[in-house]
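**Q** For reference, the structure I am asking about is given below.
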Amino acid sequence: MIRKCLTILAMVLTPLSPAFASADTYVDQALNAQRAAHGLHAVQPHQLLKAAAQAHAADMARHNFMSHRGTDGSTVAQRVKRHGFCYRHVNENIAMGFRDPAKVMSGWYKSPGHRRNALSRNVTHYGFAAVGRSWVLVMGRPC
């Protein structure tokens, strides 16, 4: 158990390594490793959630702000519906200013609310996007 925790901690706290081809791959592996360490099922990437995350990350980057509300006043629920994702549950983690996915994931795991979202039993899928230094993780369970 301690070895598993140290492995996960090393994944989350170290810079992006050559073993990870992209930020998407890093987030997928770090997120699911953390979930596994807590006895939770893995979550799968979903293109509609990724589209919603991408749009919100682009909005935050373009307008230089960080908020769960879009510049059009939209919520995460409205954004995922706009992209065609019918959901039974949805949540969102956002961040700004981090240089790499390891630092973003570490920051989210240190925040009780973000950690709760990442470790939710109510989600089965996720979408992740980074635009510049704006980061968005949307998680949900489809209808």
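Chain labels A, B, ... are given in the sequence in which chains occur in the structure tokens; within each chain residues are numbered consecutively from 1, and ligands are likewise numbered from 1 in the order shown.
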Just the strand (DSSP E) stuff from chain A, please, per backbone DSSP, written as a count of residues only.
**A** 28
**Q** Name the residues of segment 44-75 of chain A that come out as alpha helix (DSSP H) in a backbone DSSP run; write them as a PDB file with all heavy atoms, in the first residue's frame.
**A**
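part.pdb, freshly written:
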```
ATOM      1  N   GLN A  47     -15.271  12.460 -25.609  1.00  0.00           N
ATOM      2  CA  GLN A  47     -15.046  13.572 -26.536  1.00  0.00           C
ATOM      3  C   GLN A  47     -15.948  14.775 -26.263  1.00  0.00           C
ATOM      4  O   GLN A  47     -15.524  15.915 -26.441  1.00  0.00           O
ATOM      5  CB  GLN A  47     -15.193  13.097 -27.982  1.00  0.00           C
ATOM      6  CG  GLN A  47     -13.987  12.318 -28.475  1.00  0.00           C
ATOM      7  CD  GLN A  47     -12.671  13.046 -28.288  1.00  0.00           C
ATOM      8  OE1 GLN A  47     -11.832  12.636 -27.484  1.00  0.00           O
ATOM      9  NE2 GLN A  47     -12.460  14.121 -29.005  1.00  0.00           N
ATOM     10  N   LEU A  48     -17.195  14.556 -25.863  1.00  0.00           N
ATOM     11  CA  LEU A  48     -18.090  15.688 -25.609  1.00  0.00           C
ATOM     12  C   LEU A  48     -17.662  16.459 -24.355  1.00  0.00           C
ATOM     13  O   LEU A  48     -17.746  17.694 -24.322  1.00  0.00           O
ATOM     14  CB  LEU A  48     -19.542  15.227 -25.504  1.00  0.00           C
ATOM     15  CG  LEU A  48     -20.111  14.583 -26.773  1.00  0.00           C
ATOM     16  CD1 LEU A  48     -21.528  14.080 -26.519  1.00  0.00           C
ATOM     17  CD2 LEU A  48     -20.069  15.550 -27.944  1.00  0.00           C
ATOM     18  N   LEU A  49     -17.202  15.735 -23.339  1.00  0.00           N
ATOM     19  CA  LEU A  49     -16.696  16.410 -22.142  1.00  0.00           C
ATOM     20  C   LEU A  49     -15.397  17.139 -22.461  1.00  0.00           C
ATOM     21  O   LEU A  49     -15.153  18.237 -21.958  1.00  0.00           O
ATOM     22  CB  LEU A  49     -16.503  15.416 -20.999  1.00  0.00           C
ATOM     23  CG  LEU A  49     -17.786  14.802 -20.438  1.00  0.00           C
ATOM     24  CD1 LEU A  49     -17.463  13.757 -19.379  1.00  0.00           C
ATOM     25  CD2 LEU A  49     -18.710  15.874 -19.885  1.00  0.00           C
ATOM     26  N   LYS A  50     -14.572  16.542 -23.318  1.00  0.00           N
ATOM     27  CA  LYS A  50     -13.332  17.211 -23.742  1.00  0.00           C
ATOM     28  C   LYS A  50     -13.660  18.499 -24.495  1.00  0.00           C
ATOM     29  O   LYS A  50     -13.007  19.528 -24.278  1.00  0.00           O
ATOM     30  CB  LYS A  50     -12.490  16.292 -24.609  1.00  0.00           C
ATOM     31  CG  LYS A  50     -11.174  16.942 -25.024  1.00  0.00           C
ATOM     32  CD  LYS A  50     -10.242  15.964 -25.681  1.00  0.00           C
ATOM     33  CE  LYS A  50      -8.924  16.588 -26.051  1.00  0.00           C
ATOM     34  NZ  LYS A  50      -8.144  17.109 -24.943  1.00  0.00           N
ATOM     35  N   ALA A  51     -14.674  18.468 -25.341  1.00  0.00           N
ATOM     36  CA  ALA A  51     -15.063  19.668 -26.097  1.00  0.00           C
ATOM     37  C   ALA A  51     -15.516  20.775 -25.147  1.00  0.00           C
ATOM     38  O   ALA A  51     -15.162  21.948 -25.332  1.00  0.00           O
ATOM     39  CB  ALA A  51     -16.154  19.333 -27.099  1.00  0.00           C
ATOM     40  N   ALA A  52     -16.288  20.402 -24.119  1.00  0.00           N
ATOM     41  CA  ALA A  52     -16.742  21.395 -23.139  1.00  0.00           C
ATOM     42  C   ALA A  52     -15.553  21.953 -22.355  1.00  0.00           C
ATOM     43  O   ALA A  52     -15.467  23.164 -22.109  1.00  0.00           O
ATOM     44  CB  ALA A  52     -17.767  20.769 -22.195  1.00  0.00           C
ATOM     45  N   ALA A  53     -14.630  21.086 -21.964  1.00  0.00           N
ATOM     46  CA  ALA A  53     -13.432  21.532 -21.238  1.00  0.00           C
ATOM     47  C   ALA A  53     -12.576  22.440 -22.121  1.00  0.00           C
ATOM     48  O   ALA A  53     -12.091  23.483 -21.667  1.00  0.00           O
ATOM     49  CB  ALA A  53     -12.621  20.316 -20.776  1.00  0.00           C
ATOM     50  N   GLN A  54     -12.421  22.070 -23.371  1.00  0.00           N
ATOM     51  CA  GLN A  54     -11.623  22.858 -24.312  1.00  0.00           C
ATOM     52  C   GLN A  54     -12.216  24.253 -24.490  1.00  0.00           C
ATOM     53  O   GLN A  54     -11.490  25.255 -24.475  1.00  0.00           O
ATOM     54  CB  GLN A  54     -11.553  22.135 -25.670  1.00  0.00           C
ATOM     55  CG  GLN A  54     -10.745  22.866 -26.714  1.00  0.00           C
ATOM     56  CD  GLN A  54      -9.262  22.859 -26.418  1.00  0.00           C
ATOM     57  OE1 GLN A  54      -8.732  21.912 -25.851  1.00  0.00           O
ATOM     58  NE2 GLN A  54      -8.578  23.906 -26.807  1.00  0.00           N
ATOM     59  N   ALA A  55     -13.525  24.327 -24.665  1.00  0.00           N
ATOM     60  CA  ALA A  55     -14.177  25.631 -24.862  1.00  0.00           C
ATOM     61  C   ALA A  55     -13.994  26.522 -23.640  1.00  0.00           C
ATOM     62  O   ALA A  55     -13.724  27.723 -23.762  1.00  0.00           O
ATOM     63  CB  ALA A  55     -15.655  25.429 -25.173  1.00  0.00           C
ATOM     64  N   HIS A  56     -14.129  25.943 -22.434  1.00  0.00           N
ATOM     65  CA  HIS A  56     -14.000  26.761 -21.229  1.00  0.00           C
ATOM     66  C   HIS A  56     -12.538  27.177 -21.002  1.00  0.00           C
ATOM     67  O   HIS A  56     -12.272  28.322 -20.619  1.00  0.00           O
ATOM     68  CB  HIS A  56     -14.560  26.032 -20.014  1.00  0.00           C
ATOM     69  CG  HIS A  56     -14.707  26.928 -18.828  1.00  0.00           C
ATOM     70  ND1 HIS A  56     -15.372  28.133 -18.860  1.00  0.00           N
ATOM     71  CD2 HIS A  56     -14.245  26.810 -17.556  1.00  0.00           C
ATOM     72  CE1 HIS A  56     -15.328  28.715 -17.680  1.00  0.00           C
ATOM     73  NE2 HIS A  56     -14.635  27.929 -16.869  1.00  0.00           N
ATOM     74  N   ALA A  57     -11.592  26.259 -21.257  1.00  0.00           N
ATOM     75  CA  ALA A  57     -10.170  26.612 -21.116  1.00  0.00           C
ATOM     76  C   ALA A  57      -9.806  27.729 -22.094  1.00  0.00           C
ATOM     77  O   ALA A  57      -9.092  28.668 -21.737  1.00  0.00           O
ATOM     78  CB  ALA A  57      -9.296  25.378 -21.351  1.00  0.00           C
ATOM     79  N   ALA A  58     -10.319  27.658 -23.315  1.00  0.00           N
ATOM     80  CA  ALA A  58     -10.046  28.701 -24.310  1.00  0.00           C
ATOM     81  C   ALA A  58     -10.660  30.034 -23.877  1.00  0.00           C
ATOM     82  O   ALA A  58     -10.034  31.092 -24.035  1.00  0.00           O
ATOM     83  CB  ALA A  58     -10.589  28.285 -25.674  1.00  0.00           C
ATOM     84  N   ASP A  59     -11.863  29.996 -23.337  1.00  0.00           N
ATOM     85  CA  ASP A  59     -12.525  31.212 -22.852  1.00  0.00           C
ATOM     86  C   ASP A  59     -11.704  31.853 -21.733  1.00  0.00           C
ATOM     87  O   ASP A  59     -11.443  33.057 -21.749  1.00  0.00           O
ATOM     88  CB  ASP A  59     -13.935  30.856 -22.366  1.00  0.00           C
ATOM     89  CG  ASP A  59     -14.777  32.055 -21.962  1.00  0.00           C
ATOM     90  OD1 ASP A  59     -14.612  33.153 -22.537  1.00  0.00           O
ATOM     91  OD2 ASP A  59     -15.642  31.880 -21.077  1.00  0.00           O
ATOM     92  N   MET A  60     -11.264  31.039 -20.764  1.00  0.00           N
ATOM     93  CA  MET A  60     -10.462  31.576 -19.657  1.00  0.00           C
ATOM     94  C   MET A  60      -9.139  32.144 -20.163  1.00  0.00           C
ATOM     95  O   MET A  60      -8.725  33.221 -19.733  1.00  0.00           O
ATOM     96  CB  MET A  60     -10.219  30.495 -18.591  1.00  0.00           C
ATOM     97  CG  MET A  60     -11.456  30.117 -17.812  1.00  0.00           C
ATOM     98  SD  MET A  60     -11.143  29.154 -16.283  1.00  0.00           S
ATOM     99  CE  MET A  60      -9.993  27.922 -16.792  1.00  0.00           C
ATOM    100  N   ALA A  61      -8.492  31.433 -21.087  1.00  0.00           N
ATOM    101  CA  ALA A  61      -7.203  31.906 -21.615  1.00  0.00           C
ATOM    102  C   ALA A  61      -7.382  33.192 -22.419  1.00  0.00           C
ATOM    103  O   ALA A  61      -6.614  34.145 -22.256  1.00  0.00           O
ATOM    104  CB  ALA A  61      -6.565  30.824 -22.478  1.00  0.00           C
ATOM    105  N   ARG A  62      -8.387  33.226 -23.261  1.00  0.00           N
ATOM    106  CA  ARG A  62      -8.619  34.389 -24.131  1.00  0.00           C
ATOM    107  C   ARG A  62      -8.930  35.633 -23.322  1.00  0.00           C
ATOM    108  O   ARG A  62      -8.488  36.729 -23.644  1.00  0.00           O
ATOM    109  CB  ARG A  62      -9.775  34.092 -25.091  1.00  0.00           C
ATOM    110  CG  ARG A  62     -10.012  35.159 -26.140  1.00  0.00           C
ATOM    111  CD  ARG A  62     -11.144  34.790 -27.127  1.00  0.00           C
ATOM    112  NE  ARG A  62     -11.234  33.374 -27.434  1.00  0.00           N
ATOM    113  CZ  ARG A  62     -12.223  32.561 -27.013  1.00  0.00           C
ATOM    114  NH1 ARG A  62     -13.208  33.013 -26.280  1.00  0.00           N
ATOM    115  NH2 ARG A  62     -12.218  31.285 -27.339  1.00  0.00           N
ATOM    116  N   HIS A  63      -9.695  35.481 -22.237  1.00  0.00           N
ATOM    117  CA  HIS A  63     -10.131  36.633 -21.444  1.00  0.00           C
ATOM    118  C   HIS A  63      -9.354  36.794 -20.134  1.00  0.00           C
ATOM    119  O   HIS A  63      -9.707  37.641 -19.314  1.00  0.00           O
ATOM    120  CB  HIS A  63     -11.635  36.538 -21.169  1.00  0.00           C
ATOM    121  CG  HIS A  63     -12.447  36.645 -22.427  1.00  0.00           C
ATOM    122  ND1 HIS A  63     -12.944  35.542 -23.088  1.00  0.00           N
ATOM    123  CD2 HIS A  63     -12.805  37.719 -23.156  1.00  0.00           C
ATOM    124  CE1 HIS A  63     -13.597  35.936 -24.167  1.00  0.00           C
ATOM    125  NE2 HIS A  63     -13.523  37.254 -24.236  1.00  0.00           N
TER     126      HIS A  63
END
```
**Q** I need the residue nearest Ser134 of chain A from this list: A:His38, A:Arg99, A:Arg69, A:His46. Use only C-alpha atoms for the distance.
**A**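 Checking each candidate against Ser134 of chain A, we get A:Arg99 as the closest.
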**Q** Give me the residues near Glu92 of chain A as a PDB file with N, CA and C atoms, in the first residue's frame, where near means some atom within 7 Å (using only C-alpha atoms) and where sequence neighbours in that chain fewer than 4 positions away do not count.
**A**
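Contents of around-v8.pdb, as written:
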```pdb
ATOM      1  N   VAL A  76     -20.894  24.876 -15.807  1.00  0.00           N
ATOM      2  CA  VAL A  76     -20.402  23.639 -16.398  1.00  0.00           C
ATOM      3  C   VAL A  76     -21.566  22.810 -16.945  1.00  0.00           C
ATOM      4  N   LEU A 137     -10.775  20.329 -16.184  1.00  0.00           N
ATOM      5  CA  LEU A 137     -11.128  18.910 -16.122  1.00  0.00           C
ATOM      6  C   LEU A 137     -12.618  18.850 -15.836  1.00  0.00           C
ATOM      7  N   VAL A 138     -13.381  18.298 -16.765  1.00  0.00           N
ATOM      8  CA  VAL A 138     -14.827  18.116 -16.591  1.00  0.00           C
ATOM      9  C   VAL A 138     -15.070  16.623 -16.447  1.00  0.00           C
ATOM     10  N   MET A 139     -15.809  16.248 -15.405  1.00  0.00           N
ATOM     11  CA  MET A 139     -16.112  14.837 -15.164  1.00  0.00           C
ATOM     12  C   MET A 139     -17.621  14.666 -15.108  1.00  0.00           C
TER      13      MET A 139
END
```
**Q** Considering only C-alpha atoms, state which residue in the set A:Phe85, A:Phe65, A:Phe98, A:Phe128 is at the smallest distance from Ser22 of chain A.
**A**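 Ranking A:Phe85, A:Phe65, A:Phe98, A:Phe128 by distance to Ser22 of chain A, first place goes to A:Phe128.
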